[in-house]
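Reproduced below: upload17.tsv, with TSV, C-alpha atoms and all ligand atoms.
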```
chain	number	residue	atom	x	y	z
A	30	MET	CA	98.59	152.62	131.36
A	31	THR	CA	95.72	154.70	132.81
A	32	PRO	CA	95.89	158.50	132.46
A	33	SER	CA	96.25	158.82	136.26
A	34	GLU	CA	99.48	156.75	136.51
A	35	SER	CA	102.57	158.97	136.53
A	36	GLN	CA	104.15	159.09	133.09
A	37	HIS	CA	106.98	160.72	131.17
A	38	VAL	CA	105.32	162.35	128.16
A	39	LEU	CA	106.37	164.42	125.15
A	40	VAL	CA	104.21	167.26	123.84
A	41	THR	CA	105.25	168.52	120.41
A	42	GLY	CA	104.09	172.09	119.78
A	43	GLY	CA	103.65	172.36	123.57
A	44	SER	CA	104.24	176.11	123.75
A	45	GLY	CA	101.40	176.76	121.30
A	46	PHE	CA	97.83	177.60	122.23
A	47	ILE	CA	96.34	174.11	122.68
A	48	GLY	CA	99.69	172.46	123.50
A	49	SER	CA	100.35	174.72	126.50
A	50	HIS	CA	96.92	173.97	127.98
A	51	LEU	CA	97.59	170.28	127.49
A	52	VAL	CA	100.95	170.67	129.26
A	53	ASP	CA	99.17	172.31	132.23
A	54	HIS	CA	96.71	169.43	132.36
A	55	LEU	CA	99.39	166.71	132.12
A	56	LEU	CA	101.36	168.39	134.94
A	57	ASP	CA	98.16	168.50	137.01
A	58	LEU	CA	97.87	164.73	136.46
A	59	GLY	CA	101.36	164.38	138.01
A	60	HIS	CA	103.25	163.56	134.79
A	61	ARG	CA	106.76	164.58	133.78
A	62	VAL	CA	106.52	166.57	130.56
A	63	ASP	CA	109.03	167.36	127.82
A	64	VAL	CA	108.06	170.00	125.28
A	65	VAL	CA	109.69	170.36	121.87
A	66	ASP	CA	108.67	173.48	119.99
A	67	ASP	CA	110.44	175.72	117.49
A	68	LEU	CA	108.43	178.76	118.65
A	69	SER	CA	107.39	179.50	115.05
A	70	THR	CA	103.87	180.38	116.24
A	71	GLY	CA	104.11	179.26	119.88
A	72	ARG	CA	105.30	181.45	122.74
A	73	LEU	CA	107.48	180.53	125.69
A	74	SER	CA	105.34	182.85	127.83
A	75	ASN	CA	102.51	180.28	127.47
A	76	LEU	CA	104.63	177.94	129.64
A	77	GLU	CA	106.00	180.59	132.00
A	78	THR	CA	103.84	179.69	135.00
A	79	ALA	CA	104.19	175.94	134.43
A	80	LEU	CA	108.00	176.21	134.19
A	81	ALA	CA	108.13	178.27	137.39
A	82	ASP	CA	105.77	175.93	139.28
A	83	HIS	CA	107.24	172.63	138.06
A	84	PRO	CA	110.96	173.10	137.36
A	85	GLN	CA	111.62	169.40	138.03
A	86	ARG	CA	108.78	168.00	135.92
A	87	LEU	CA	108.70	170.29	132.87
A	88	ARG	CA	111.51	170.58	130.34
A	89	PHE	CA	111.37	172.88	127.32
A	90	VAL	CA	113.49	172.35	124.21
A	91	ARG	CA	113.43	174.95	121.45
A	92	SER	CA	113.92	173.00	118.25
A	93	ASP	CA	112.38	171.90	115.01
A	94	LEU	CA	110.81	168.54	115.94
A	95	SER	CA	112.25	166.39	113.14
A	96	GLU	CA	115.77	167.79	113.73
A	97	TRP	CA	115.44	167.15	117.45
A	98	LEU	CA	114.31	163.56	116.86
A	99	VAL	CA	117.46	162.87	114.82
A	100	GLY	CA	119.66	164.00	117.72
A	101	ALA	CA	117.44	162.72	120.54
A	102	GLY	CA	119.06	159.28	120.61
A	103	ALA	CA	117.56	155.82	120.57
A	104	ASP	CA	117.56	155.60	124.39
A	105	LEU	CA	115.08	158.39	124.92
A	106	ARG	CA	111.75	156.82	125.93
A	107	PHE	CA	108.33	158.26	126.61
A	108	ASP	CA	105.17	156.67	127.99
A	109	ALA	CA	103.07	158.75	125.60
A	110	ILE	CA	103.50	161.39	122.91
A	111	TYR	CA	101.05	164.15	122.02
A	112	HIS	CA	101.82	165.51	118.57
A	113	LEU	CA	100.41	169.02	118.12
A	114	ALA	CA	103.29	170.73	116.29
A	115	ALA	CA	101.97	172.08	113.00
A	116	ALA	CA	101.61	175.14	110.83
A	117	VAL	CA	98.16	176.43	111.84
A	118	GLY	CA	95.88	179.33	110.94
A	119	VAL	CA	94.10	180.29	107.71
A	120	LYS	CA	96.22	183.41	107.20
A	121	LEU	CA	99.50	181.57	107.74
A	122	VAL	CA	98.38	178.81	105.39
A	123	VAL	CA	97.30	181.16	102.60
A	124	ASP	CA	100.46	183.29	102.99
A	125	ASP	CA	102.92	180.40	103.13
A	126	PRO	CA	101.55	177.14	101.73
A	127	ILE	CA	105.03	175.63	101.16
A	128	SER	CA	106.01	175.72	104.82
A	129	THR	CA	102.49	174.59	105.83
A	130	ILE	CA	102.65	171.49	103.67
A	131	GLU	CA	106.25	170.66	104.55
A	132	THR	CA	105.86	171.30	108.28
A	133	ASN	CA	102.73	169.26	108.68
A	134	ILE	CA	103.77	166.24	106.66
A	135	VAL	CA	107.49	166.11	107.52
A	136	GLN	CA	106.97	166.47	111.27
A	137	THR	CA	104.22	163.87	111.45
A	138	SER	CA	106.20	161.42	109.35
A	139	ALA	CA	109.21	161.91	111.66
A	140	ILE	CA	107.24	161.31	114.85
A	141	LEU	CA	105.59	158.22	113.35
A	142	ASP	CA	109.02	156.79	112.51
A	143	TYR	CA	110.12	157.45	116.09
A	144	VAL	CA	107.11	155.70	117.67
A	145	ARG	CA	107.40	152.83	115.22
A	146	SER	CA	110.77	151.90	116.68
A	147	HIS	CA	109.75	152.62	120.31
A	148	GLY	CA	106.12	151.44	120.42
A	149	THR	CA	105.04	154.65	122.18
A	150	PRO	CA	101.32	155.49	122.29
A	151	LEU	CA	100.80	158.55	120.06
A	152	PHE	CA	98.09	161.18	119.90
A	153	ILE	CA	97.90	163.14	116.62
A	154	ALA	CA	96.05	166.47	116.38
A	155	SER	CA	94.07	166.77	113.18
A	156	THR	CA	91.40	169.23	112.17
A	157	SER	CA	87.80	169.64	110.99
A	158	GLU	CA	89.37	171.29	107.93
A	159	VAL	CA	89.88	167.77	106.55
A	160	TYR	CA	86.16	167.70	105.76
A	161	GLY	CA	86.96	170.39	103.18
A	162	LYS	CA	83.87	171.84	101.49
A	163	SER	CA	81.59	168.98	102.39
A	164	ASP	CA	78.01	170.11	103.05
A	165	SER	CA	76.81	166.93	104.70
A	166	ILE	CA	76.20	168.44	108.12
A	167	PRO	CA	76.94	167.25	110.78
A	168	PHE	CA	80.33	165.87	109.79
A	169	HIS	CA	80.82	162.23	110.74
A	170	GLU	CA	84.29	160.68	110.79
A	171	GLU	CA	83.30	158.33	107.95
A	172	SER	CA	81.77	161.11	105.80
A	173	ASP	CA	83.22	161.79	102.37
A	174	ILE	CA	85.55	164.75	102.10
A	175	THR	CA	85.67	167.32	99.28
A	176	PHE	CA	88.55	169.68	98.69
A	177	GLY	CA	88.72	172.68	96.37
A	178	PRO	CA	91.18	172.83	93.46
A	179	THR	CA	94.94	172.80	94.10
A	180	SER	CA	95.13	176.32	92.65
A	181	ARG	CA	93.52	177.52	95.91
A	182	SER	CA	96.28	177.33	98.52
A	183	ARG	CA	93.73	177.43	101.32
A	184	TRP	CA	93.14	173.69	100.88
A	185	SER	CA	96.81	172.82	101.42
A	186	TYR	CA	96.34	172.80	105.20
A	187	ALA	CA	93.38	170.42	104.95
A	188	CYS	CA	95.22	168.15	102.52
A	189	SER	CA	98.40	168.10	104.60
A	190	LYS	CA	96.43	167.14	107.70
A	191	ALA	CA	94.52	164.49	105.72
A	192	ILE	CA	97.87	163.02	104.61
A	193	ASP	CA	98.93	162.99	108.29
A	194	GLU	CA	95.80	160.98	109.05
A	195	TYR	CA	96.44	158.53	106.19
A	196	LEU	CA	100.04	158.11	107.34
A	197	GLY	CA	99.02	157.57	110.94
A	198	LEU	CA	96.29	155.06	110.10
A	199	ALA	CA	98.68	153.20	107.78
A	200	HIS	CA	101.26	152.94	110.60
A	201	ALA	CA	98.57	151.70	112.97
A	202	LYS	CA	97.55	149.04	110.48
A	203	ARG	CA	100.97	147.90	109.33
A	204	TYR	CA	103.04	148.26	112.53
A	205	GLY	CA	100.34	148.14	115.20
A	206	THR	CA	101.28	151.65	116.34
A	207	PRO	CA	98.94	152.53	119.23
A	208	LEU	CA	97.71	155.89	118.04
A	209	VAL	CA	94.61	158.07	118.25
A	210	ILE	CA	93.74	160.90	115.87
A	211	ALA	CA	91.36	163.71	116.87
A	212	ARG	CA	89.88	166.24	114.47
A	213	PHE	CA	89.59	169.44	116.48
A	214	PHE	CA	86.79	171.78	115.45
A	215	ASN	CA	87.19	175.50	116.24
A	216	THR	CA	88.99	175.49	119.57
A	217	VAL	CA	89.16	178.73	121.53
A	218	GLY	CA	90.34	180.13	124.84
A	219	PRO	CA	93.00	182.07	126.65
A	220	ARG	CA	96.43	182.28	124.91
A	221	GLN	CA	95.00	181.99	121.41
A	222	LEU	CA	96.27	184.70	119.08
A	223	GLY	CA	94.34	186.38	116.27
A	224	LYS	CA	97.29	187.22	114.09
A	225	TYR	CA	97.27	183.88	112.26
A	226	GLY	CA	93.62	184.30	111.25
A	227	MET	CA	91.79	182.95	114.32
A	228	VAL	CA	88.42	184.63	114.51
A	229	LEU	CA	87.57	184.84	118.22
A	230	PRO	CA	90.81	186.39	119.50
A	231	SER	CA	90.73	188.81	116.55
A	232	PHE	CA	87.21	189.92	117.52
A	233	VAL	CA	88.07	190.16	121.23
A	234	HIS	CA	91.20	192.16	120.48
A	235	ALA	CA	89.30	194.59	118.24
A	236	ALA	CA	86.48	194.94	120.80
A	237	LEU	CA	88.93	195.64	123.63
A	238	SER	CA	90.80	198.27	121.67
A	239	GLY	CA	87.63	199.87	120.25
A	240	ARG	CA	88.65	199.10	116.68
A	241	THR	CA	86.20	197.97	114.00
A	242	ILE	CA	85.44	194.24	114.08
A	243	GLN	CA	85.99	192.84	110.61
A	244	VAL	CA	83.62	190.03	109.59
A	245	TYR	CA	84.76	188.22	106.46
A	246	GLY	CA	82.14	187.39	103.81
A	247	ASP	CA	78.46	188.03	104.66
A	248	GLY	CA	78.96	186.75	108.21
A	249	GLU	CA	76.14	184.19	107.91
A	250	GLN	CA	78.63	181.30	107.87
A	251	SER	CA	78.42	179.41	111.16
A	252	ARG	CA	80.97	177.62	113.32
A	253	CYS	CA	81.01	175.64	116.56
A	254	PHE	CA	83.42	176.95	119.20
A	255	CYS	CA	84.71	174.75	121.99
A	256	ASP	CA	86.79	175.96	124.93
A	257	VAL	CA	90.29	174.48	124.97
A	258	ARG	CA	89.81	173.59	128.64
A	259	ASP	CA	87.02	171.20	127.60
A	260	ILE	CA	89.21	169.61	124.94
A	261	VAL	CA	92.53	168.88	126.65
A	262	PRO	CA	91.31	166.56	129.46
A	263	ILE	CA	89.83	164.26	126.79
A	264	LEU	CA	93.15	163.61	125.02
A	265	PRO	CA	94.89	161.42	127.66
A	266	ARG	CA	91.62	159.60	128.20
A	267	LEU	CA	91.28	158.77	124.50
A	268	LEU	CA	94.89	157.61	124.31
A	269	ALA	CA	94.47	155.40	127.37
A	270	GLU	CA	91.53	153.53	125.79
A	271	GLU	CA	92.80	150.64	123.68
A	272	GLN	CA	89.50	150.51	121.80
A	273	CYS	CA	90.31	154.03	120.47
A	274	HIS	CA	93.63	153.04	118.93
A	275	GLY	CA	93.83	153.22	115.14
A	276	ARG	CA	90.74	155.45	115.01
A	277	VAL	CA	89.78	159.05	114.21
A	278	PHE	CA	87.50	161.12	116.49
A	279	ASN	CA	85.74	164.44	116.05
A	280	LEU	CA	86.32	166.70	119.03
A	281	GLY	CA	84.56	170.01	119.59
A	282	ASN	CA	81.26	171.60	120.45
A	283	ASP	CA	78.16	170.88	118.36
A	284	GLN	CA	76.39	174.18	119.19
A	285	SER	CA	76.82	176.54	116.26
A	286	ILE	CA	76.76	180.33	115.99
A	287	THR	CA	77.00	182.58	112.93
A	288	ILE	CA	80.03	184.85	112.68
A	289	ASN	CA	77.71	187.89	112.71
A	290	ASP	CA	76.21	186.70	116.01
A	291	LEU	CA	79.68	185.96	117.35
A	292	ALA	CA	80.76	189.55	116.65
A	293	ARG	CA	77.66	190.88	118.43
A	294	LEU	CA	78.20	188.50	121.38
A	295	VAL	CA	81.80	189.68	121.79
A	296	CYS	CA	80.66	193.33	121.81
A	297	ASP	CA	77.81	192.67	124.26
A	298	THR	CA	79.97	190.54	126.57
A	299	LEU	CA	82.79	193.09	126.73
A	300	GLY	CA	80.57	196.18	126.65
A	301	SER	CA	82.35	197.32	123.50
A	302	LYS	CA	81.10	200.00	121.14
A	303	SER	CA	83.20	198.69	118.23
A	304	GLU	CA	81.59	198.90	114.80
A	305	ILE	CA	81.09	195.68	112.82
A	306	GLU	CA	82.18	195.80	109.17
A	307	LYS	CA	81.91	193.18	106.39
A	308	ILE	CA	85.05	192.51	104.34
A	309	PRO	CA	84.92	190.40	101.17
A	310	TYR	CA	86.95	187.19	101.38
A	311	GLU	CA	89.10	188.14	98.40
A	312	GLU	CA	90.17	191.29	100.23
A	313	ALA	CA	90.74	189.48	103.52
A	314	TYR	CA	92.66	186.52	102.09
A	315	ALA	CA	93.17	186.04	98.37
A	316	PRO	CA	91.17	186.14	95.13
A	317	GLY	CA	88.94	183.08	94.85
A	318	PHE	CA	89.14	182.24	98.59
A	319	GLU	CA	86.55	179.58	99.39
A	320	ASP	CA	84.85	179.25	102.76
A	321	LEU	CA	82.27	176.90	104.23
A	322	VAL	CA	78.73	177.82	105.13
A	323	ALA	CA	78.68	175.59	108.21
A	324	ARG	CA	80.86	173.18	110.11
A	325	VAL	CA	79.30	171.01	112.82
A	326	PRO	CA	80.79	167.86	114.38
A	327	ASP	CA	78.87	164.64	114.82
A	328	LEU	CA	80.07	163.67	118.32
A	329	SER	CA	78.43	160.26	118.54
A	330	ARG	CA	81.69	158.33	118.07
A	331	VAL	CA	83.57	160.00	120.93
A	332	ARG	CA	80.47	159.79	123.13
A	333	GLU	CA	80.30	156.03	122.62
A	334	VAL	CA	83.64	155.85	124.44
A	335	LEU	CA	83.68	158.79	126.86
A	336	ASP	CA	81.28	161.16	128.56
A	337	PHE	CA	82.21	164.27	126.62
A	338	VAL	CA	80.05	167.33	127.28
A	339	PRO	CA	81.70	170.74	126.82
A	340	SER	CA	81.00	172.82	129.92
A	341	HIS	CA	82.51	176.26	129.27
A	342	PRO	CA	79.90	178.67	127.85
A	343	LEU	CA	81.15	180.88	125.00
A	344	VAL	CA	80.53	184.02	127.06
A	345	GLN	CA	82.93	182.75	129.71
A	346	THR	CA	85.56	181.93	127.09
A	347	ILE	CA	85.25	185.46	125.69
A	348	GLN	CA	85.61	186.96	129.19
A	349	ASP	CA	88.64	184.79	129.99
A	350	LEU	CA	90.27	185.55	126.64
A	351	ALA	CA	89.78	189.26	127.33
A	352	GLN	CA	91.40	188.90	130.75
A	353	VAL	CA	94.68	187.77	129.24
A	354	ALA	CA	96.74	190.93	129.17
A	355	ASP	CA	98.89	189.98	126.17
A	356	ILE	CA	95.88	189.88	123.85
A	357	ARG	CA	96.42	193.64	123.71
A	358	ASP	CA	99.76	192.96	121.99
A	359	ASP	CA	98.19	190.60	119.49
A	360	HIS	CA	98.42	192.65	116.30
A	361	SER	CA	95.68	190.85	114.45
B	1	LIG	N1	93.17	175.98	117.31
B	1	LIG	C1	92.26	175.30	116.60
B	1	LIG	O1	91.10	175.72	116.52
B	1	LIG	C2	92.63	174.02	115.91
B	1	LIG	C3	91.64	173.42	115.13
B	1	LIG	C4	91.94	172.25	114.48
B	1	LIG	C5	93.17	171.65	114.64
B	1	LIG	N2	94.12	172.24	115.41
B	1	LIG	C6	95.40	171.52	115.54
B	1	LIG	O2	95.83	171.57	116.89
B	1	LIG	C7	97.25	171.65	116.95
B	1	LIG	C8	97.66	172.84	117.80
B	1	LIG	O3	97.14	174.03	117.21
B	1	LIG	P1	97.15	175.45	117.97
B	1	LIG	O4	95.86	176.09	117.66
B	1	LIG	O5	97.56	175.28	119.38
B	1	LIG	O6	98.25	176.24	117.12
B	1	LIG	P2	99.64	176.87	117.56
B	1	LIG	O7	100.21	177.51	116.34
B	1	LIG	O8	99.46	177.72	118.76
B	1	LIG	O9	100.49	175.57	117.96
B	1	LIG	C9	101.34	174.88	117.06
B	1	LIG	C10	102.70	174.79	117.73
B	1	LIG	O10	103.58	174.01	116.91
B	1	LIG	C11	104.85	174.64	116.93
B	1	LIG	N3	105.58	174.18	115.74
B	1	LIG	C12	105.27	174.43	114.43
B	1	LIG	N4	106.17	173.82	113.62
B	1	LIG	C13	107.05	173.16	114.42
B	1	LIG	C14	108.20	172.35	114.17
B	1	LIG	N5	108.63	172.10	112.93
B	1	LIG	N6	108.87	171.83	115.24
B	1	LIG	C15	108.45	172.09	116.50
B	1	LIG	N7	107.38	172.86	116.79
B	1	LIG	C16	106.68	173.38	115.77
B	1	LIG	C17	104.53	176.12	116.94
B	1	LIG	O11	105.61	176.93	117.36
B	1	LIG	C18	103.36	176.16	117.90
B	1	LIG	O12	103.78	176.30	119.25
B	1	LIG	C19	97.75	171.71	115.50
B	1	LIG	O13	98.16	170.43	115.09
B	1	LIG	C20	96.51	172.16	114.73
B	1	LIG	O14	96.54	171.69	113.39
B	1	LIG	C21	93.88	173.43	116.03
```

In structure tokens, write the structure found in this file.
Ligand SMILES: NC(=O)c1ccc[n+]([C@@H]2O[C@H](COP(=O)([O-])OP(=O)(O)OC[C@H]3O[C@@H](n4cnc5c(N)ncnc54)[C@H](O)[C@@H]3O)[C@@H](O)[C@H]2O)c1
Amino acid sequence: MTPSESQHVLVTGGSGFIGSHLVDHLLDLGHRVDVVDDLSTGRLSNLETALADHPQRLRFVRSDLSEWLVGAGADLRFDAIYHLAAAVGVKLVVDDPISTIETNIVQTSAILDYVRSHGTPLFIASTSEVYGKSDSIPFHEESDITFGPTSRSRWSYACSKAIDEYLGLAHAKRYGTPLVIARFFNTVGPRQLGKYGMVLPSFVHAALSGRTIQVYGDGEQSRCFCDVRDIVPILPRLLAEEQCHGRVFNLGNDQSITINDLARLVCDTLGSKSEIEKIPYEEAYAPGFEDLVARVPDLSRVREVLDFVPSHPLVQTIQDLAQVADIRDDHS
């Protein structure tokens, strides 16, 4: 099936930040979309406009995914499934590693069992965190990965997502499941919240409200930020390409910026007079918190298959994020 043929698709975690943008895009393509989300970090307001504009083509179910799959019935069929439901965000992960590990592994295992019996093409959202503390920049999909010790709960998110990848690839190999895995690097844009530890919305929120911008560590660590609106159109295209099935792809921007420069860019873009303050990691997260100096994707693999060039400049993303009124309620 090509991405332009009308489909009935399922988006798990579809009321979250990335999921809701994907829902908008799939509706724009003319598809019928079901969303299953337990609203643990997602918000129904992310789908408000889509639900009002497409009452016949968008259905929202509030449920834990694995529980919903048990009751969904064997007859329920989809042309494609996008699995984004997960426990996400450094703060959430450090604060509650048990639910992070259980959510990420249990939900992915459940959706893989479902597609195994239905043969549905499946997209799985993974993360650049799976590269762990590797310093072999840029990160290539076949690079080695290095995690910190299990006593540091921060790595539980990376490990749980790596297990998801192993599970997915094993299903693809053993059962021929047509699936694609993408490792998202820092993805940003409207609707993202800072309260789970996401840096850009936290900075924008602080700058808008005139509060001090808190930079963790020395601020010289760098990241690559990609606008969510550059990411979501690629997902149906990857899933539609048979040559992509059973493979992992980096997805993000390869232009990096230090966190200090990001803080200054947010202030300059929004005309904010907020102060910028450095906070040690152990104060921000937990004693012994480990961070990476740099994280840059090698995009050659995805570019062998698709013409992927992010087009939203970071300044525009910052402006659009600031336009979203509810960022003022984001108590980050
Ligand atoms: N935002 C990023 O920069 C980034 C980077 C790398 C990977 N990712 C991955 O992208 C995906 C989406 O992330 P996001 O940034 O939109 O986060 P998000 O928290 O906004 O979205 C996750 C969604 O999953 C839902 N959810 C969680 N557990 C569930 C369950 N048991 N059943 C049903 N729904 C459940 C949440 O309510 C939320 O709506 C995740 O898989 C995440 O690991 C995101």

Please report, as a Markdown table, each residue of chain A lying at most 8 Å from ligand LIG 1 (chain B), together with the nearest pair of atoms and the separation in Å rounded to one decimal; use only C-alpha atoms and all ligand atoms, and order rows by chain and ascending residue number.
```
| residue | atom | partner | partner_atom | distance |
| --- | --- | --- | --- | --- |
| A:Thr41 | CA | B:LIG1 | N7 | 6.0 |
| A:Gly42 | CA | B:LIG1 | O10 | 3.5 |
| A:Gly43 | CA | B:LIG1 | O12 | 5.8 |
| A:Ser44 | CA | B:LIG1 | O12 | 4.5 |
| A:Gly45 | CA | B:LIG1 | O12 | 3.2 |
| A:Phe46 | CA | B:LIG1 | O5 | 3.7 |
| A:Ile47 | CA | B:LIG1 | O5 | 3.7 |
| A:Gly48 | CA | B:LIG1 | O5 | 5.4 |
| A:Ser49 | CA | B:LIG1 | O5 | 7.7 |
| A:Val65 | CA | B:LIG1 | C15 | 5.8 |
| A:Asp66 | CA | B:LIG1 | N7 | 3.5 |
| A:Asp67 | CA | B:LIG1 | N7 | 4.2 |
| A:Leu68 | CA | B:LIG1 | O11 | 3.6 |
| A:Ser69 | CA | B:LIG1 | O11 | 3.9 |
| A:Thr70 | CA | B:LIG1 | O11 | 4.0 |
| A:Gly71 | CA | B:LIG1 | O12 | 3.0 |
| A:Arg72 | CA | B:LIG1 | O12 | 6.4 |
| A:Arg91 | CA | B:LIG1 | C15 | 7.6 |
| A:Ser92 | CA | B:LIG1 | C15 | 5.8 |
| A:Asp93 | CA | B:LIG1 | N6 | 3.5 |
| A:Leu94 | CA | B:LIG1 | N6 | 3.9 |
| A:Ser95 | CA | B:LIG1 | N6 | 6.7 |
| A:His112 | CA | B:LIG1 | O13 | 7.1 |
| A:Leu113 | CA | B:LIG1 | O13 | 4.0 |
| A:Ala114 | CA | B:LIG1 | O10 | 3.4 |
| A:Ala115 | CA | B:LIG1 | C12 | 4.3 |
| A:Ala116 | CA | B:LIG1 | C12 | 5.2 |
| A:Val117 | CA | B:LIG1 | O7 | 5.1 |
| A:Gly118 | CA | B:LIG1 | O7 | 7.2 |
| A:Thr132 | CA | B:LIG1 | N5 | 5.5 |
| A:Asn133 | CA | B:LIG1 | N4 | 7.6 |
| A:Gln136 | CA | B:LIG1 | N5 | 6.1 |
| A:Ile153 | CA | B:LIG1 | O13 | 7.5 |
| A:Ala154 | CA | B:LIG1 | O13 | 4.7 |
| A:Ser155 | CA | B:LIG1 | C5 | 5.2 |
| A:Thr156 | CA | B:LIG1 | C4 | 3.8 |
| A:Ser157 | CA | B:LIG1 | C4 | 6.0 |
| A:Glu158 | CA | B:LIG1 | C4 | 7.1 |
| A:Lys190 | CA | B:LIG1 | O14 | 7.3 |
| A:Arg212 | CA | B:LIG1 | C5 | 6.3 |
| A:Phe213 | CA | B:LIG1 | C4 | 4.2 |
| A:Phe214 | CA | B:LIG1 | C3 | 5.1 |
| A:Asn215 | CA | B:LIG1 | O1 | 3.9 |
| A:Thr216 | CA | B:LIG1 | O1 | 3.7 |
| A:Val217 | CA | B:LIG1 | O1 | 6.2 |
| A:Gln221 | CA | B:LIG1 | O8 | 6.7 |
| A:Leu222 | CA | B:LIG1 | O8 | 7.7 |
| A:Met227 | CA | B:LIG1 | O1 | 7.6 |
```

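Interatomic distance, CA of Val38 in chain A to CA of Leu55 in chain A: 8.4 Å.
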
For a quick check of your reading of the model, name the residues lying within 12 Å of the coordinate (82.6, 164.7, 111.0), counting all atoms listed in the file, and write them as a CSV table (one decimal) with C-alpha atoms, in the coordinates of the input.
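Listed below is the output, result.csv:
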```
chain,number,residue,atom,x,y,z
A,155,SER,CA,94.1,166.8,113.2
A,156,THR,CA,91.4,169.2,112.2
A,157,SER,CA,87.8,169.6,111.0
A,158,GLU,CA,89.4,171.3,107.9
A,159,VAL,CA,89.9,167.8,106.6
A,160,TYR,CA,86.2,167.7,105.8
A,161,GLY,CA,87.0,170.4,103.2
A,162,LYS,CA,83.9,171.8,101.5
A,163,SER,CA,81.6,169.0,102.4
A,164,ASP,CA,78.0,170.1,103.0
A,165,SER,CA,76.8,166.9,104.7
A,166,ILE,CA,76.2,168.4,108.1
A,167,PRO,CA,76.9,167.2,110.8
A,168,PHE,CA,80.3,165.9,109.8
A,169,HIS,CA,80.8,162.2,110.7
A,170,GLU,CA,84.3,160.7,110.8
A,171,GLU,CA,83.3,158.3,108.0
A,172,SER,CA,81.8,161.1,105.8
A,173,ASP,CA,83.2,161.8,102.4
A,174,ILE,CA,85.6,164.8,102.1
A,211,ALA,CA,91.4,163.7,116.9
A,212,ARG,CA,89.9,166.2,114.5
A,213,PHE,CA,89.6,169.4,116.5
A,214,PHE,CA,86.8,171.8,115.4
A,277,VAL,CA,89.8,159.0,114.2
A,278,PHE,CA,87.5,161.1,116.5
A,279,ASN,CA,85.7,164.4,116.0
A,280,LEU,CA,86.3,166.7,119.0
A,281,GLY,CA,84.6,170.0,119.6
A,282,ASN,CA,81.3,171.6,120.4
A,283,ASP,CA,78.2,170.9,118.4
A,323,ALA,CA,78.7,175.6,108.2
A,324,ARG,CA,80.9,173.2,110.1
A,325,VAL,CA,79.3,171.0,112.8
A,326,PRO,CA,80.8,167.9,114.4
A,327,ASP,CA,78.9,164.6,114.8
A,328,LEU,CA,80.1,163.7,118.3
A,329,SER,CA,78.4,160.3,118.5
A,330,ARG,CA,81.7,158.3,118.1
A,331,VAL,CA,83.6,160.0,120.9
```

Could you give me the centre and size, in Å to one decimal, of an axis-aligned box around all listed atoms of range 232-247 of chain A with 6 Å added on every side, as AutoDock Vina command-line options?
```
--center_x 84.8 --center_y 193.6 --center_z 113.7 --size_x 24.7 --size_y 24.5 --size_z 31.8
```

Counting all atoms listed in the file, which residues of range 145-239 of chain A sit at most 9 Å from some atom of range 289-305 of chain A, and what is each one's closest atom pair with its distance in Å to one decimal, listed by chain and rising residue number, as JSON lines?
```
{"residue": "A:Leu229", "atom": "CA", "partner": "A:Leu291", "partner_atom": "CA", "distance": 8.0}
{"residue": "A:Phe232", "atom": "CA", "partner": "A:Ala292", "partner_atom": "CA", "distance": 6.5}
{"residue": "A:Val233", "atom": "CA", "partner": "A:Val295", "partner_atom": "CA", "distance": 6.3}
{"residue": "A:Ala235", "atom": "CA", "partner": "A:Ser303", "partner_atom": "CA", "distance": 7.3}
{"residue": "A:Ala236", "atom": "CA", "partner": "A:Ser301", "partner_atom": "CA", "distance": 5.5}
{"residue": "A:Leu237", "atom": "CA", "partner": "A:Ser301", "partner_atom": "CA", "distance": 6.8}
{"residue": "A:Ser238", "atom": "CA", "partner": "A:Ser303", "partner_atom": "CA", "distance": 8.4}
{"residue": "A:Gly239", "atom": "CA", "partner": "A:Ser303", "partner_atom": "CA", "distance": 5.0}
```

Length of the CA of Val322 in chain A to CA of Val344 in chain A vector [Å]: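 Taking CA of Val322 in chain A and CA of Val344 in chain A, their separation equals 22.9 Å.
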
Which residues are close to range 124-131 of chain A, i.e. within 10 Å by only C-alpha atoms, leaving aside same-chain residues fewer than 6 positions away? Reply as a list in words.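 Listing them by chain and then by number gives Ala115, Ala116, Val117, Gly118, Thr137, Arg181, Ser182, Arg183, Trp184, Ser185, Tyr186, Ala187, Cys188, Ser189, Lys190, Ile192, Tyr225, Tyr314 and Ala315 of chain A.
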
Could you take the residues named above and write them with C-alpha atoms, as a compact mmCIF listing (two decimals), in the frame of the given file?
```
# COMPACT_ATOMS: atom_id res chain seq x y z
CA ALA A 115 101.97 172.08 113.00
CA ALA A 116 101.61 175.14 110.83
CA VAL A 117 98.16 176.43 111.84
CA GLY A 118 95.88 179.33 110.94
CA THR A 137 104.22 163.87 111.45
CA ARG A 181 93.52 177.52 95.91
CA SER A 182 96.28 177.33 98.52
CA ARG A 183 93.73 177.43 101.32
CA TRP A 184 93.14 173.69 100.88
CA SER A 185 96.81 172.82 101.42
CA TYR A 186 96.34 172.80 105.20
CA ALA A 187 93.38 170.42 104.95
CA CYS A 188 95.22 168.15 102.52
CA SER A 189 98.40 168.10 104.60
CA LYS A 190 96.43 167.14 107.70
CA ILE A 192 97.87 163.02 104.61
CA TYR A 225 97.27 183.88 112.26
CA TYR A 314 92.66 186.52 102.09
CA ALA A 315 93.17 186.04 98.37
```

Select all residues near (75.7, 178.7, 111.2) (cut-off 6 Å, inclusive, file coordinates), counting all atoms listed in the file, and output them as a PyMOL selection string. chain A and resi 250-252+285-287+323

With the cut-off set at 10 Å and counting all atoms listed in the file, tabulate each residue of range 160-227 of chain A with an atom at most that distance from an atom of range 270-274 of chain A, showing the nearest atom pair and its distance in Å to one decimal, ordered by chain and increasing number, as a Markdown table.
```
| residue | atom | partner | partner_atom | distance |
| --- | --- | --- | --- | --- |
| A:Leu198 | CA | A:His274 | CA | 9.4 |
| A:Ala201 | CA | A:His274 | CA | 7.9 |
| A:Gly205 | CA | A:His274 | CA | 9.1 |
| A:Thr206 | CA | A:His274 | CA | 8.2 |
| A:Pro207 | CA | A:His274 | CA | 5.3 |
| A:Leu208 | CA | A:His274 | CA | 5.1 |
| A:Val209 | CA | A:His274 | CA | 5.2 |
| A:Ile210 | CA | A:His274 | CA | 8.4 |
```
